[in-house]
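Engineer: File run.pdb follows (PDB, C-alpha atoms, pLDDT in the B column):
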ATOM      1  CA  MET A 531     104.060  88.048 107.259  1.00 69.00           C
ATOM      2  CA  ALA A 532     101.859  84.991 107.564  1.00 70.00           C
ATOM      3  CA  ASN A 533      98.814  86.452 105.807  1.00 73.00           C
ATOM      4  CA  GLY A 534     100.184  89.205 103.606  1.00 73.00           C
ATOM      5  CA  PHE A 535     100.956  89.288  99.923  1.00 78.00           C
ATOM      6  CA  GLU A 536     104.240  87.740  98.804  1.00 79.00           C
ATOM      7  CA  ARG A 537     105.476  91.178  97.733  1.00 85.00           C
ATOM      8  CA  ALA A 538     104.819  92.524 101.237  1.00 81.00           C
ATOM      9  CA  VAL A 539     106.961  89.744 102.701  1.00 80.00           C
ATOM     10  CA  ASP A 540     109.758  90.633 100.286  1.00 83.00           C
ATOM     11  CA  ASP A 541     109.489  94.306 101.285  1.00 85.00           C
ATOM     12  CA  ILE A 542     109.675  93.393 104.980  1.00 82.00           C
ATOM     13  CA  ILE A 543     112.770  91.295 104.381  1.00 81.00           C
ATOM     14  CA  GLU A 544     114.375  94.195 102.486  1.00 85.00           C
ATOM     15  CA  GLN A 545     113.601  96.597 105.359  1.00 84.00           C
ATOM     16  CA  THR A 546     114.888  94.345 108.157  1.00 83.00           C
ATOM     17  CA  HIS A 547     117.204  97.064 109.466  1.00 83.00           C
ATOM     18  CA  GLN A 548     114.206  99.241 110.335  1.00 86.00           C
ATOM     19  CA  PHE A 549     112.650  96.444 112.382  1.00 82.00           C
ATOM     20  CA  SER A 550     115.921  95.897 114.214  1.00 86.00           C
ATOM     21  CA  THR A 551     115.635  99.410 115.686  1.00 88.00           C
ATOM     22  CA  LEU A 552     112.246  98.473 117.172  1.00 89.00           C
ATOM     23  CA  THR A 553     113.801  95.692 119.252  1.00 88.00           C
ATOM     24  CA  ALA A 554     114.984  98.456 121.604  1.00 90.00           C
ATOM     25  CA  PHE A 555     111.662 100.370 121.615  1.00 90.00           C
ATOM     26  CA  GLU A 556     110.565 101.621 125.034  1.00 90.00           C
ATOM     27  CA  TYR A 557     107.265 103.109 126.130  1.00 90.00           C
ATOM     28  CA  VAL A 558     106.241 103.179 129.771  1.00 89.00           C
ATOM     29  CA  GLU A 559     103.019 104.849 130.853  1.00 88.00           C
ATOM     30  CA  PRO A 560     103.068 107.220 133.822  1.00 90.00           C
ATOM     31  CA  ASN A 561     101.490 104.492 135.967  1.00 90.00           C
ATOM     32  CA  GLY A 562     104.509 102.265 135.228  1.00 87.00           C
ATOM     33  CA  LYS A 563     102.928  99.856 132.736  1.00 87.00           C
ATOM     34  CA  ASP A 564     105.406  98.882 130.007  1.00 87.00           C
ATOM     35  CA  PHE A 565     103.846  98.809 126.538  1.00 84.00           C
ATOM     36  CA  GLY A 566     107.169  98.812 124.695  1.00 89.00           C
ATOM     37  CA  ILE A 567     107.741  95.137 125.407  1.00 90.00           C
ATOM     38  CA  ASN A 568     104.958  94.182 122.970  1.00 90.00           C
ATOM     39  CA  VAL A 569     106.615  96.124 120.158  1.00 90.00           C
ATOM     40  CA  GLN A 570     109.984  94.600 121.045  1.00 92.00           C
ATOM     41  CA  LYS A 571     108.612  91.051 120.911  1.00 93.00           C
ATOM     42  CA  LYS A 572     106.845  91.623 117.572  1.00 90.00           C
ATOM     43  CA  ALA A 573     109.997  93.138 116.103  1.00 89.00           C
ATOM     44  CA  GLU A 574     112.054  90.177 117.339  1.00 90.00           C
ATOM     45  CA  ASN A 575     109.571  87.738 115.782  1.00 87.00           C
ATOM     46  CA  ILE A 576     109.732  89.593 112.477  1.00 85.00           C
ATOM     47  CA  MET A 577     113.533  89.590 112.612  1.00 86.00           C
ATOM     48  CA  VAL A 578     113.631  85.822 113.216  1.00 85.00           C
ATOM     49  CA  LEU A 579     111.212  85.161 110.364  1.00 82.00           C
ATOM     50  CA  SER A 580     112.876  87.569 107.951  1.00 81.00           C
ATOM     51  CA  ASN A 581     116.248  85.910 108.504  1.00 81.00           C
ATOM     52  CA  ASN A 582     114.860  82.473 107.656  1.00 81.00           C
ATOM     53  CA  LYS A 583     112.978  82.256 104.348  1.00 80.00           C
ATOM     54  CA  ASP A 584     112.142  78.573 104.958  1.00 84.00           C
ATOM     55  CA  LYS A 585     110.441  79.476 108.252  1.00 83.00           C
ATOM     56  CA  VAL A 586     108.394  82.166 106.482  1.00 81.00           C
ATOM     57  CA  LEU A 587     107.214  79.627 103.914  1.00 82.00           C
ATOM     58  CA  GLU A 588     106.402  77.132 106.672  1.00 85.00           C
ATOM     59  CA  VAL A 589     104.314  79.692 108.592  1.00 83.00           C
ATOM     60  CA  ARG A 590     102.520  80.819 105.419  1.00 81.00           C
ATOM     61  CA  ASP A 591     101.702  77.207 104.490  1.00 83.00           C
ATOM     62  CA  LYS A 592     100.365  76.554 107.983  1.00 84.00           C
ATOM     63  CA  VAL A 593      98.145  79.647 107.855  1.00 79.00           C
ATOM     64  CA  ALA A 594      96.914  78.726 104.370  1.00 76.00           C
ATOM     65  CA  GLY A 595      95.947  75.274 105.660  1.00 73.00           C
ATOM     66  CA  THR A 596      93.987  76.652 108.607  1.00 72.00           C
ATOM     67  CA  HIS A 597      92.305  79.305 106.459  1.00 64.00           C
ATOM     68  CA  ASP A 598      90.170  76.624 104.835  1.00 64.00           C
ATOM     69  CA  LYS A 599      88.893  75.507 108.234  1.00 66.00           C
ATOM     70  CA  CYS A 600      87.499  78.923 109.163  1.00 63.00           C
ATOM     71  CA  PHE A 601      83.847  79.746 109.261  1.00 60.00           C
ATOM     72  CA  GLY A 602      81.792  82.856 109.790  1.00 63.00           C
ATOM     73  CA  LEU A 603      79.015  83.805 112.163  1.00 63.00           C
ATOM     74  CA  SER A 604      76.134  86.005 111.213  1.00 62.00           C
ATOM     75  CA  ALA A 605      72.710  86.929 112.548  1.00 64.00           C
ATOM     76  CA  THR A 606      71.169  84.269 110.313  1.00 67.00           C
ATOM     77  CA  GLY A 607      73.433  81.417 111.386  1.00 62.00           C
ATOM     78  CA  VAL A 608      76.819  79.762 110.960  1.00 59.00           C
ATOM     79  CA  ILE A 609      78.485  79.687 107.551  1.00 59.00           C
ATOM     80  CA  TYR A 610      81.012  76.909 107.028  1.00 57.00           C
ATOM     81  CA  LYS A 611      83.557  77.060 104.258  1.00 57.00           C
ATOM     82  CA  SER A 612      83.814  73.991 102.115  1.00 51.00           C
TER      83      SER A 612
END
Write the structure described by the file as structure tokens, please.

Structural biologist:
Amino acid sequence: MANGFERAVDDIIEQTHQFSTLTAFEYVEPNGKDFGINVQKKAENIMVLSNNKDKVLEVRDKVAGTHDKCFGLSATGVIYKS
């Protein structure tokens, strides 16, 4: 939701009921390791954000501000964005 297109955010908000089902997702490997908790936490985060449009805008603004600070690494050296 932080990096996607505005239309994608709107679609996620419209489909909130589908994410609510993932808050109860369970998957435990035979060795006992619980992988479902990661899905549950992501779904809960999406639910919190989708219920608060101001929070979505705040997160998107924060990501947009840090995007300009990013730089890339390549075999020829470091590339800084200006």

Engineer: Any idea what's packed within 9 Å of range 584-587 of chain A, counting all atoms listed in the file, ignoring anything in its chain fewer than 5 positions away? Could you give it as a PyMOL selection string?

Structural biologist: chain A and resi 531-532+539+578-579+592

Engineer: Here is a test: counting all atoms listed in the file, which residue of A:Glu556, A:Glu536, A:Glu588, A:Glu544 is nearest to Lys571 in chain A?

Structural biologist: A:Glu556

Engineer: Tell me which protein, DNA and RNA residues are within 12 Å of Phe535 in chain A, counting only C-alpha atoms, leaving out same-chain ones fewer than 6 positions away, and put them as a list in words.

Structural biologist: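 Within the cut-off, the hits are Asp541, Ile542 and Arg590 of chain A.
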
Engineer: Taking the point (107.7, 95.7, 116.9) as given in the file, collect each protein or nucleic acid residue that comes within 10 Å of it, counting all atoms listed in the file, and present the set as a PyMOL selection string.

Structural biologist: chain A and resi 548-555+566-577

Engineer: At what distance in Å, to one decimal, does CA of Ile543 in chain A lie from CA of Asp591 in chain A?

Structural biologist: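 One can read the CA of Asp591 in chain A to CA of Ile543 in chain A distance as 17.9 Å.
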
Engineer: CA of Ser580 in chain A to CA of Thr546 in chain A: how many Å, to one decimal?

Structural biologist: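 Spanning CA of Ser580 in chain A to CA of Thr546 in chain A is a straight-line distance of 7.1 Å.
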
Engineer: For range 535-552 of chain A, what centre and edge lengths in Å (one decimal) does the axis-aligned box get once 8 Å is added on each side of all its listed atoms, as AutoDock Vina command-line options?

Structural biologist:
--center_x 109.1 --center_y 93.6 --center_z 107.5 --size_x 32.2 --size_y 27.7 --size_z 35.4
